[in-house]
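For reference, upload.json (JSON, C-alpha atoms):
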```json
[["chain", "number", "residue", "atom", "x", "y", "z"],
["Z", 1, "MET", "CA", 26.81, -40.42, 91.28],
["Z", 2, "SER", "CA", 28.41, -37.65, 89.25],
["Z", 3, "LYS", "CA", 31.71, -36.01, 90.10],
["Z", 4, "LYS", "CA", 30.02, -32.79, 91.16],
["Z", 5, "LYS", "CA", 27.74, -34.54, 93.63],
["Z", 6, "THR", "CA", 30.64, -36.56, 95.03],
["Z", 7, "ALA", "CA", 32.59, -33.35, 95.55],
["Z", 8, "GLN", "CA", 29.59, -31.72, 97.27],
["Z", 9, "LYS", "CA", 29.22, -34.68, 99.61],
["Z", 10, "LYS", "CA", 32.93, -34.59, 100.35],
["Z", 11, "ALA", "CA", 32.75, -30.89, 101.20],
["Z", 12, "ILE", "CA", 29.79, -31.47, 103.51],
["Z", 13, "ASN", "CA", 31.61, -34.29, 105.28],
["Z", 14, "GLU", "CA", 34.66, -32.07, 105.71],
["Z", 15, "LEU", "CA", 32.52, -29.31, 107.21],
["Z", 16, "LYS", "CA", 30.93, -31.81, 109.57],
["Z", 17, "ASN", "CA", 34.33, -33.06, 110.69],
["Z", 18, "GLN", "CA", 35.52, -29.52, 111.36],
["Z", 19, "LEU", "CA", 32.39, -28.77, 113.38],
["Z", 20, "PHE", "CA", 32.86, -31.97, 115.36],
["Z", 21, "ILE", "CA", 36.43, -30.96, 116.17],
["Z", 22, "GLN", "CA", 35.26, -27.51, 117.25],
["Z", 23, "ALA", "CA", 32.54, -29.07, 119.38],
["Z", 24, "GLU", "CA", 35.09, -31.33, 121.01],
["Z", 25, "ARG", "CA", 37.28, -28.33, 121.88],
["Z", 26, "LEU", "CA", 34.27, -26.51, 123.26],
["Z", 27, "GLY", "CA", 33.43, -29.55, 125.36],
["Z", 28, "ILE", "CA", 30.03, -30.16, 123.78],
["Z", 29, "ARG", "CA", 30.84, -33.20, 121.66],
["Z", 30, "ASP", "CA", 28.57, -35.36, 123.84],
["Z", 31, "ARG", "CA", 25.58, -33.31, 122.76],
["Z", 32, "TYR", "CA", 25.83, -34.61, 119.20],
["Z", 33, "THR", "CA", 24.77, -38.19, 119.78],
["Z", 34, "PRO", "CA", 23.49, -40.31, 116.84],
["Z", 35, "VAL", "CA", 19.91, -39.75, 118.03],
["Z", 36, "VAL", "CA", 20.39, -35.97, 118.07],
["Z", 37, "MET", "CA", 21.95, -36.05, 114.61],
["Z", 38, "GLU", "CA", 19.04, -38.09, 113.26],
["Z", 39, "GLU", "CA", 16.56, -35.72, 114.87],
["Z", 40, "MET", "CA", 18.33, -32.77, 113.29],
["Z", 41, "LYS", "CA", 18.09, -34.47, 109.92],
["Z", 42, "LEU", "CA", 14.41, -35.18, 110.47],
["Z", 43, "ASP", "CA", 13.81, -31.54, 111.37],
["Z", 44, "SER", "CA", 15.60, -30.32, 108.28],
["Z", 45, "LEU", "CA", 13.61, -32.77, 106.11],
["Z", 46, "ARG", "CA", 10.40, -31.39, 107.58],
["Z", 47, "ARG", "CA", 11.56, -27.86, 106.84],
["Z", 48, "ILE", "CA", 12.40, -28.81, 103.27],
["Z", 49, "LEU", "CA", 9.03, -30.49, 102.82],
["Z", 50, "THR", "CA", 7.25, -27.38, 104.08],
["Z", 51, "GLU", "CA", 9.13, -25.29, 101.56],
["Z", 52, "PHE", "CA", 8.25, -27.75, 98.80],
["Z", 53, "TYR", "CA", 4.55, -27.66, 99.70],
["Z", 54, "MET", "CA", 4.60, -23.88, 99.64],
["Z", 55, "GLU", "CA", 6.26, -23.90, 96.25],
["Z", 56, "ARG", "CA", 3.71, -26.37, 94.94],
["Z", 57, "SER", "CA", 0.80, -24.22, 96.04],
["Z", 58, "ASN", "CA", 2.44, -21.22, 94.38],
["Z", 59, "LEU", "CA", 2.91, -23.12, 91.14],
["Z", 60, "GLU", "CA", -0.68, -24.33, 91.19],
["Z", 61, "TYR", "CA", -1.87, -20.79, 91.71],
["Z", 62, "GLU", "CA", 0.30, -19.62, 88.81],
["Z", 63, "LEU", "CA", -1.05, -22.43, 86.63],
["Z", 64, "ASN", "CA", -4.60, -21.17, 87.11],
["Z", 65, "MET", "CA", -3.69, -17.62, 86.17],
["Z", 66, "LEU", "CA", -4.27, -16.27, 82.68],
["Z", 67, "GLY", "CA", -1.27, -15.62, 80.46],
["Z", 68, "SER", "CA", 1.12, -17.98, 82.23],
["Z", 69, "ASN", "CA", 3.34, -20.52, 80.52],
["Z", 70, "LYS", "CA", 1.41, -23.69, 81.34],
["Z", 71, "LYS", "CA", 3.90, -26.10, 79.85],
["Z", 72, "GLU", "CA", 6.80, -24.80, 81.90],
["Z", 73, "ILE", "CA", 4.75, -24.74, 85.10],
["Z", 74, "LEU", "CA", 3.57, -28.31, 84.53],
["Z", 75, "ILE", "CA", 7.16, -29.50, 84.09],
["Z", 76, "LYS", "CA", 8.13, -27.70, 87.30],
["Z", 77, "LEU", "CA", 5.20, -29.25, 89.16],
["Z", 78, "GLU", "CA", 6.11, -32.70, 87.94],
["Z", 79, "ARG", "CA", 9.67, -32.33, 89.14],
["Z", 80, "LEU", "CA", 8.57, -30.84, 92.42],
["Z", 81, "ASN", "CA", 6.20, -33.74, 93.04],
["Z", 82, "ALA", "CA", 9.04, -36.17, 92.46],
["Z", 83, "TYR", "CA", 11.16, -34.29, 95.01],
["Z", 84, "ILE", "CA", 8.27, -34.27, 97.48],
["Z", 85, "ARG", "CA", 7.83, -38.02, 97.16],
["Z", 86, "LYS", "CA", 11.53, -38.54, 97.72],
["Z", 87, "ALA", "CA", 11.55, -36.21, 100.73],
["Z", 88, "GLU", "CA", 8.55, -37.97, 102.25],
["Z", 89, "GLY", "CA", 10.26, -41.34, 101.79],
["Z", 90, "LEU", "CA", 13.40, -40.03, 103.46],
["Z", 91, "ARG", "CA", 11.35, -38.57, 106.31],
["Z", 92, "GLU", "CA", 9.75, -41.96, 106.96],
["Z", 93, "LYS", "CA", 13.12, -43.66, 106.81],
["Z", 94, "HIS", "CA", 14.72, -41.28, 109.26],
["Z", 95, "SER", "CA", 11.78, -41.29, 111.68],
["Z", 96, "LYS", "CA", 12.04, -45.10, 111.82],
["Z", 97, "LYS", "CA", 15.75, -44.81, 112.40],
["Z", 98, "VAL", "CA", 15.19, -42.40, 115.29],
["Z", 99, "GLU", "CA", 12.69, -44.80, 116.87],
["Z", 100, "ASP", "CA", 15.15, -47.69, 116.52],
["Z", 101, "LEU", "CA", 17.94, -45.68, 118.11],
["Z", 102, "ILE", "CA", 15.73, -44.66, 121.02],
["Z", 103, "GLY", "CA", 14.63, -48.29, 121.44],
["Z", 104, "LYS", "CA", 18.24, -49.41, 121.51],
["Z", 105, "GLU", "CA", 19.07, -46.90, 124.21],
["Z", 106, "MET", "CA", 16.14, -48.13, 126.28],
["Z", 107, "GLY", "CA", 17.39, -51.72, 126.07],
["Z", 108, "ASP", "CA", 15.25, -54.89, 125.95],
["Z", 109, "GLN", "CA", 11.71, -53.74, 126.66],
["Z", 110, "LYS", "CA", 10.37, -57.21, 127.71],
["Z", 111, "ARG", "CA", 13.09, -57.67, 130.28],
["Z", 112, "THR", "CA", 12.47, -54.19, 131.62],
["Z", 113, "GLN", "CA", 8.75, -54.93, 131.99],
["Z", 114, "LYS", "CA", 9.56, -58.16, 133.90],
["Z", 115, "ALA", "CA", 11.88, -56.26, 136.23],
["Z", 116, "VAL", "CA", 9.17, -53.68, 136.86],
["Z", 117, "LYS", "CA", 6.67, -56.47, 137.67],
["Z", 118, "ARG", "CA", 9.05, -57.97, 140.20],
["Z", 119, "LEU", "CA", 9.20, -54.62, 141.95],
["Z", 120, "ASN", "CA", 5.42, -54.57, 142.30],
["Z", 121, "PRO", "CA", 4.69, -52.01, 145.01],
["Z", 122, "VAL", "CA", 1.47, -53.86, 146.11],
["Z", 123, "ARG", "CA", 3.41, -57.03, 147.02],
["Z", 124, "ILE", "CA", 6.06, -55.03, 148.79],
["Z", 125, "ARG", "CA", 3.40, -53.29, 150.85],
["Z", 126, "ALA", "CA", 1.67, -56.63, 151.68],
["Z", 127, "ALA", "CA", 4.95, -58.16, 152.89],
["Z", 128, "ALA", "CA", 5.58, -55.18, 155.12],
["M", 11, "MET", "CA", 61.52, 52.70, 118.00],
["M", 12, "SER", "CA", 60.38, 52.68, 121.60],
["M", 13, "GLU", "CA", 60.58, 49.72, 123.97],
["M", 14, "PHE", "CA", 56.83, 49.20, 123.77],
["M", 15, "THR", "CA", 56.77, 48.70, 120.08],
["M", 16, "ILE", "CA", 59.60, 46.20, 120.48],
["M", 17, "ASN", "CA", 57.37, 44.21, 122.87],
["M", 18, "ALA", "CA", 54.65, 44.04, 120.28],
["M", 19, "GLY", "CA", 57.12, 42.48, 117.92],
["M", 20, "ILE", "CA", 57.53, 39.30, 120.02],
["M", 21, "SER", "CA", 56.14, 36.36, 118.09],
["M", 22, "ASN", "CA", 53.20, 34.38, 119.43],
["M", 23, "THR", "CA", 55.23, 31.19, 119.66],
["M", 24, "HIS", "CA", 57.62, 32.78, 122.06],
["M", 25, "LYS", "CA", 54.82, 34.16, 124.16],
["M", 26, "GLU", "CA", 52.82, 30.95, 124.43],
["M", 27, "HIS", "CA", 55.63, 28.57, 125.13],
["M", 28, "GLY", "CA", 57.64, 30.96, 127.28],
["M", 29, "LEU", "CA", 60.66, 30.61, 125.05],
["M", 30, "LYS", "CA", 63.38, 33.13, 125.24],
["M", 31, "LYS", "CA", 64.18, 34.89, 122.05],
["M", 32, "PRO", "CA", 67.83, 34.36, 121.14],
["M", 33, "GLU", "CA", 69.91, 37.22, 122.31],
["M", 34, "ILE", "CA", 71.99, 38.77, 119.61],
["M", 35, "ASN", "CA", 73.17, 41.98, 121.24],
["M", 36, "GLN", "CA", 75.62, 41.57, 124.08],
["M", 37, "ASN", "CA", 75.93, 45.25, 125.09],
["M", 38, "PRO", "CA", 74.24, 46.50, 128.32],
["M", 39, "ALA", "CA", 71.74, 48.65, 126.45],
["M", 40, "ALA", "CA", 70.39, 45.66, 124.59],
["M", 41, "GLU", "CA", 70.31, 43.65, 127.81],
["M", 42, "ALA", "CA", 68.13, 46.28, 129.41],
["M", 43, "LYS", "CA", 65.67, 45.97, 126.56],
["M", 44, "VAL", "CA", 65.55, 42.18, 126.93],
["M", 45, "ILE", "CA", 64.85, 42.45, 130.66],
["M", 46, "GLU", "CA", 62.08, 44.90, 129.94],
["M", 47, "LYS", "CA", 60.57, 42.43, 127.46],
["M", 48, "GLU", "CA", 60.67, 39.58, 130.00],
["M", 49, "ALA", "CA", 58.96, 41.68, 132.64],
["M", 50, "SER", "CA", 56.17, 42.73, 130.37],
["M", 51, "ARG", "CA", 55.68, 39.16, 129.11],
["M", 52, "GLU", "CA", 55.44, 37.67, 132.61],
["M", 53, "SER", "CA", 52.69, 40.10, 133.58],
["M", 54, "SER", "CA", 50.76, 38.92, 130.54],
["M", 55, "LEU", "CA", 49.82, 42.49, 129.77],
["M", 56, "GLN", "CA", 51.19, 44.46, 126.92],
["M", 57, "TRP", "CA", 51.25, 48.22, 126.86],
["M", 58, "GLN", "CA", 51.43, 50.24, 123.74],
["M", 59, "LYS", "CA", 52.12, 53.88, 123.06],
["M", 60, "VAL", "CA", 49.36, 55.66, 121.22],
["M", 61, "GLU", "CA", 48.86, 59.20, 120.14],
["M", 62, "SER", "CA", 46.97, 61.28, 122.68],
["M", 63, "LYS", "CA", 43.57, 62.77, 121.97],
["M", 64, "ASP", "CA", 44.78, 66.31, 121.70],
["M", 65, "LYS", "CA", 47.46, 65.11, 119.26],
["M", 66, "LYS", "CA", 50.18, 66.82, 121.20],
["M", 67, "GLY", "CA", 51.84, 63.93, 122.92],
["M", 68, "THR", "CA", 51.66, 60.21, 123.38],
["M", 69, "ASP", "CA", 49.53, 58.17, 125.73],
["M", 70, "LEU", "CA", 49.80, 54.66, 127.15],
["M", 71, "GLN", "CA", 47.09, 52.08, 126.96],
["M", 72, "LEU", "CA", 46.76, 48.31, 127.17],
["M", 73, "ALA", "CA", 47.14, 46.48, 123.92],
["M", 74, "VAL", "CA", 43.99, 44.42, 123.75],
["M", 75, "ASP", "CA", 45.30, 42.12, 121.00],
["M", 76, "THR", "CA", 48.36, 41.12, 122.94],
["M", 77, "VAL", "CA", 46.34, 40.40, 126.10],
["M", 78, "LYS", "CA", 44.21, 37.87, 124.23],
["M", 79, "ILE", "CA", 47.15, 35.84, 123.10],
["M", 80, "SER", "CA", 49.13, 36.16, 126.33],
["M", 81, "SER", "CA", 50.59, 33.11, 128.01],
["M", 82, "THR", "CA", 48.05, 33.17, 130.86],
["M", 83, "THR", "CA", 44.93, 33.23, 128.75],
["M", 84, "VAL", "CA", 46.12, 30.69, 126.22],
["M", 85, "THR", "CA", 47.98, 28.15, 128.26],
["M", 86, "ALA", "CA", 45.59, 27.91, 131.20],
["M", 87, "PRO", "CA", 42.79, 25.99, 129.38],
["M", 88, "GLN", "CA", 45.38, 23.63, 127.89],
["M", 89, "ALA", "CA", 46.72, 22.88, 131.35],
["M", 90, "VAL", "CA", 43.23, 21.96, 132.57],
["M", 91, "LYS", "CA", 42.68, 19.58, 129.65],
["M", 92, "ALA", "CA", 46.05, 17.91, 130.04],
["M", 93, "ALA", "CA", 44.81, 14.95, 132.14],
["M", 94, "ALA", "CA", 41.97, 13.97, 129.80],
["M", 95, "PRO", "CA", 44.04, 12.40, 126.98],
["M", 96, "ALA", "CA", 45.74, 10.04, 129.44],
["M", 97, "LEU", "CA", 42.39, 8.72, 130.68],
["M", 98, "ASP", "CA", 41.13, 8.40, 127.13],
["M", 99, "LEU", "CA", 44.22, 6.47, 126.17],
["M", 100, "ARG", "CA", 43.71, 3.97, 128.99],
["M", 101, "LYS", "CA", 40.06, 3.52, 128.11],
["M", 102, "ASN", "CA", 40.80, 3.19, 124.41],
["M", 103, "LEU", "CA", 43.51, 0.65, 125.06],
["M", 104, "LYS", "CA", 41.20, -1.33, 127.31],
["M", 105, "ASP", "CA", 38.46, -1.36, 124.66],
["M", 106, "LYS", "CA", 40.92, -2.32, 121.97],
["M", 107, "PHE", "CA", 42.38, -5.20, 123.97],
["M", 108, "THR", "CA", 38.91, -6.38, 124.99],
["M", 109, "GLY", "CA", 37.88, -6.55, 121.33],
["M", 110, "MET", "CA", 41.09, -8.37, 120.50],
["M", 111, "LEU", "CA", 40.52, -10.84, 123.32],
["M", 112, "GLU", "CA", 37.00, -11.60, 122.07],
["M", 113, "LYS", "CA", 38.27, -12.26, 118.57],
["M", 114, "THR", "CA", 41.31, -14.24, 119.61],
["M", 115, "TYR", "CA", 39.63, -16.31, 122.29],
["M", 116, "ALA", "CA", 37.17, -17.61, 119.68],
["M", 117, "ASN", "CA", 40.12, -18.94, 117.67],
["M", 118, "ILE", "CA", 41.27, -21.11, 120.58],
["M", 119, "PHE", "CA", 38.47, -23.53, 119.63],
["M", 120, "HIS", "CA", 39.40, -23.48, 115.93],
["M", 121, "HIS", "CA", 39.57, -26.84, 114.20],
["M", 122, "ASN", "CA", 43.04, -25.98, 112.88],
["M", 123, "ARG", "CA", 45.54, -26.87, 115.58],
["M", 124, "LEU", "CA", 48.11, -24.27, 114.54],
["M", 125, "VAL", "CA", 45.56, -21.46, 114.61],
["M", 126, "ALA", "CA", 44.37, -22.64, 118.03],
["M", 127, "LYS", "CA", 47.93, -22.68, 119.41],
["M", 128, "VAL", "CA", 48.72, -19.19, 118.12],
["M", 129, "ALA", "CA", 45.43, -17.94, 119.57],
["M", 130, "GLU", "CA", 46.31, -19.45, 122.95],
["M", 131, "TRP", "CA", 49.62, -17.59, 122.98],
["M", 132, "MET", "CA", 47.95, -14.34, 121.95],
["M", 133, "VAL", "CA", 45.21, -14.66, 124.57],
["M", 134, "GLY", "CA", 47.89, -15.03, 127.25],
["M", 135, "ASN", "CA", 49.56, -11.82, 126.12],
["M", 136, "ILE", "CA", 46.34, -9.87, 125.83],
["M", 137, "MET", "CA", 45.17, -10.96, 129.25],
["M", 138, "GLU", "CA", 48.45, -9.82, 130.73],
["M", 139, "ARG", "CA", 48.00, -6.40, 129.12],
["M", 140, "LEU", "CA", 44.43, -6.15, 130.36],
["M", 141, "ALA", "CA", 45.51, -7.07, 133.87],
["M", 142, "LEU", "CA", 48.13, -4.32, 133.71],
["M", 143, "LEU", "CA", 45.44, -1.88, 132.62],
["M", 144, "GLY", "CA", 43.50, -2.79, 135.75],
["M", 145, "MET", "CA", 40.85, -5.15, 134.45],
["M", 146, "ASP", "CA", 39.12, -7.30, 137.04],
["M", 147, "PRO", "CA", 39.71, -11.11, 136.74],
["M", 148, "THR", "CA", 35.98, -11.76, 137.16],
["M", 149, "GLU", "CA", 35.30, -9.39, 134.28],
["M", 150, "LEU", "CA", 37.80, -11.29, 132.16],
["M", 151, "ALA", "CA", 36.20, -14.61, 133.08],
["M", 152, "SER", "CA", 32.73, -13.33, 132.21],
["M", 153, "LEU", "CA", 34.02, -12.05, 128.88],
["M", 154, "LYS", "CA", 35.47, -15.48, 128.09],
["M", 155, "ASP", "CA", 32.25, -17.21, 129.14],
["M", 156, "LYS", "CA", 30.26, -14.94, 126.87],
["M", 157, "VAL", "CA", 32.50, -15.71, 123.89],
["M", 158, "ARG", "CA", 32.25, -19.43, 124.61],
["M", 159, "GLU", "CA", 28.46, -19.32, 124.81],
["M", 160, "ASP", "CA", 28.32, -17.50, 121.50],
["M", 161, "LEU", "CA", 30.57, -20.13, 119.95],
["M", 162, "VAL", "CA", 28.43, -22.97, 121.24],
["M", 163, "PHE", "CA", 25.36, -21.35, 119.71],
["M", 164, "GLN", "CA", 27.20, -20.75, 116.44],
["M", 165, "ASN", "CA", 28.34, -24.36, 116.36],
["M", 166, "LYS", "CA", 24.78, -25.57, 116.81],
["M", 167, "VAL", "CA", 23.47, -23.29, 114.06],
["M", 168, "ALA", "CA", 26.27, -24.34, 111.71],
["M", 169, "PHE", "CA", 25.51, -28.00, 112.36],
["M", 170, "SER", "CA", 21.83, -27.58, 111.59],
["M", 171, "GLN", "CA", 22.75, -25.73, 108.39],
["M", 172, "VAL", "CA", 25.13, -28.48, 107.29],
["M", 173, "VAL", "CA", 22.53, -31.16, 108.01],
["M", 174, "TYR", "CA", 19.95, -29.18, 106.04],
["M", 175, "ASP", "CA", 22.32, -28.94, 103.07],
["M", 176, "GLU", "CA", 23.04, -32.64, 103.30],
["M", 177, "ALA", "CA", 19.32, -33.47, 103.30],
["M", 178, "MET", "CA", 18.67, -31.16, 100.36],
["M", 179, "LEU", "CA", 21.51, -32.75, 98.43],
["M", 180, "GLU", "CA", 20.10, -36.17, 99.21],
["M", 181, "ILE", "CA", 16.70, -35.17, 97.81],
["M", 182, "VAL", "CA", 17.78, -33.23, 94.74],
["M", 183, "ALA", "CA", 20.72, -35.46, 93.77]]
```

Using C-alpha cells, write down the structure from this file.
Amino acid sequence: MSKKKTAQKKAINELKNQLFIQAERLGIRDRYTPVVMEEMKLDSLRRILTEFYMERSNLEYELNMLGSNKKEILIKLERLNAYIRKAEGLREKHSKKVEDLIGKEMGDQKRTQKAVKRLNPVRIRAAA
Amino acid sequence: MSEFTINAGISNTHKEHGLKKPEINQNPAAEAKVIEKEASRESSLQWQKVESKDKKGTDLQLAVDTVKISSTTVTAPQAVKAAAPALDLRKNLKDKFTGMLEKTYANIFHHNRLVAKVAEWMVGNIMERLALLGMDPTELASLKDKVREDLVFQNKVAFSQVVYDEAMLEIVA
C-alpha cells in the first residue's frame, strides 16, 4: 500500500476514534455495536454500487453517441467494471460477516431448538 | 434689544435639557432678565414682538418656531420611549446568551478533553446569567435536550460518512 493510502486510512481511523469518543460522551456508544458497524458498511457499499451502476449506464449511453471519444470511454468502462466487481465481492464478504455476527449473538442454534422442544406447550397442557 | 428678542436667543440645547445658561451679569437688572427668561421657558411658549399692521407700533404674537422646539413638545415623546430600550436590552441579552449556550453546550461532548472542560465552565457561567435574566429552568433543560439530540443525529451522520469513505477507499485503493 502506498504512503498516500496509508495516510488516508490513518486519517479515517482517527476520525472514527474521535466520533467514538464523542458518542461515549453523549452516552450512545452502545448503539455502535460490531453488527451495526458492519450493517453501516454494507449500506454504504450498496450506495457505492448504485452510483457505479448509474455511471456505467451513462458511459454506455455516451459510447453509443456519435462524436464521442470511444477509446477513452472504453478505458473508463473497463476500470469501472473492475471497481464494480471489487465492490460486489466486498458486499458479499460483509453480508456474510453480518450473518455470522448475528448468529454469534443468537448462540448455539441446535441447543436453542432442543430447549424449545423441551418446553413443548402440548406436553405441558397434557400434564395439567 | 427687548427682553423678547433675548428669549429667542436661547439655544436649543438649553431649552431641551432645561440647562441654565451661565450667568455673567451679577447686577439686579441682569437678574431680572434671567428670571424673565426662566418664566417664559417654563411655559414652553415664546412670545415675540412684531411690527403692527398699521406700522405705527409693535404687536405681540406667539413665536411658532420656538413653540415647536420647546421642552414640552420635544422631551415628552422621549420620556414615553424611555422604558423600551431596557426591555430590548434584556431580550437581546437573553437571545445572545441562549445562542452562546447552544454553541458552548455542544462543545461539552467534544473529543478534546480540554475543550470539553472549558465548555463545561462556560456553560455554568452562561446558565447563571440566564437564570439571573429570568429564564425558566425547564426552558433551559429543553434547550440542552435539543442540542444533545442534534449532536446525536450529527454523530450518526458523521459515522455513516466516515464508513462510506472507508468503503470507497477500500474499493478504489

Can you list every residue of chain Z that has an atom at most 8 Å from chain M, with its nearest atom pair and the distance in Å to one decimal, using only C-alpha atoms, ordered by chain then number, as JSON lines?
```
{"residue": "Z:Lys5", "atom": "CA", "partner": "M:Ala183", "partner_atom": "CA", "distance": 7.1}
{"residue": "Z:Lys9", "atom": "CA", "partner": "M:Glu176", "partner_atom": "CA", "distance": 7.5}
{"residue": "Z:Ile12", "atom": "CA", "partner": "M:Val172", "partner_atom": "CA", "distance": 6.7}
{"residue": "Z:Leu15", "atom": "CA", "partner": "M:Val172", "partner_atom": "CA", "distance": 7.4}
{"residue": "Z:Lys16", "atom": "CA", "partner": "M:Val172", "partner_atom": "CA", "distance": 7.1}
{"residue": "Z:Gln18", "atom": "CA", "partner": "M:His121", "partner_atom": "CA", "distance": 5.6}
{"residue": "Z:Leu19", "atom": "CA", "partner": "M:Asn165", "partner_atom": "CA", "distance": 6.7}
{"residue": "Z:Ile21", "atom": "CA", "partner": "M:His121", "partner_atom": "CA", "distance": 5.5}
{"residue": "Z:Gln22", "atom": "CA", "partner": "M:His121", "partner_atom": "CA", "distance": 5.3}
{"residue": "Z:Ala23", "atom": "CA", "partner": "M:Asn165", "partner_atom": "CA", "distance": 7.0}
{"residue": "Z:Arg25", "atom": "CA", "partner": "M:Phe119", "partner_atom": "CA", "distance": 5.4}
{"residue": "Z:Leu26", "atom": "CA", "partner": "M:Phe119", "partner_atom": "CA", "distance": 6.3}
{"residue": "Z:Ile28", "atom": "CA", "partner": "M:Val162", "partner_atom": "CA", "distance": 7.8}
{"residue": "Z:Met40", "atom": "CA", "partner": "M:Ser170", "partner_atom": "CA", "distance": 6.5}
{"residue": "Z:Lys41", "atom": "CA", "partner": "M:Val173", "partner_atom": "CA", "distance": 5.9}
{"residue": "Z:Ser44", "atom": "CA", "partner": "M:Tyr174", "partner_atom": "CA", "distance": 5.0}
{"residue": "Z:Leu45", "atom": "CA", "partner": "M:Ala177", "partner_atom": "CA", "distance": 6.4}
{"residue": "Z:Ile48", "atom": "CA", "partner": "M:Met178", "partner_atom": "CA", "distance": 7.3}
{"residue": "Z:Tyr83", "atom": "CA", "partner": "M:Ile181", "partner_atom": "CA", "distance": 6.3}
{"residue": "Z:Lys86", "atom": "CA", "partner": "M:Ile181", "partner_atom": "CA", "distance": 6.2}
{"residue": "Z:Ala87", "atom": "CA", "partner": "M:Ile181", "partner_atom": "CA", "distance": 6.0}
```

Which polymer residues have any atom within 8 Å of an atom of Leu59 in chain Z, counting only C-alpha atoms, with same-chain residues fewer than 2 positions away left out, as an NGL selection string?
:Z and (55-57 or 61-63 or 73 or 76-77)

Taking into account only C-alpha atoms, which residue in the set M:Met132, M:Met110, M:Val167, M:Val125 is nearest to Leu153 in chain M?
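The answer is M:Met110, which sits nearest to Leu153 in chain M.
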
One decimal, in Å: what's the spacing between CA of Leu140 in chain M and CA of Lys154 in chain M?
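We find that CA of Leu140 in chain M and CA of Lys154 in chain M lie 13.1 Å from each other.
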
Go through Z:Gln113, Z:Asn81, Z:Ser2, Z:Gly103 one by one, measure the shortest atom-to-atom distance of each to Met54 in chain Z using all atoms listed in the file, and give the residue with the smallest value.
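When distances to Met54 in chain Z are compared using all atoms listed in the file, the smallest one comes from Z:Asn81.
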
CA of Leu150 in chain M and CA of Gly109 in chain M are how many Å apart?
11.8 Å

Would you mind reading off the distance between CA of Ser68 in chain Z and CA of Phe52 in chain Z, one decimal, in Å?
20.5 Å

Which of Z:Met37, Z:Leu80, Z:Arg47, Z:Ala7 sits closest to Phe20 in chain Z [using all atoms listed in the file]
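Closest to Phe20 in chain Z of all the choices is Z:Met37.
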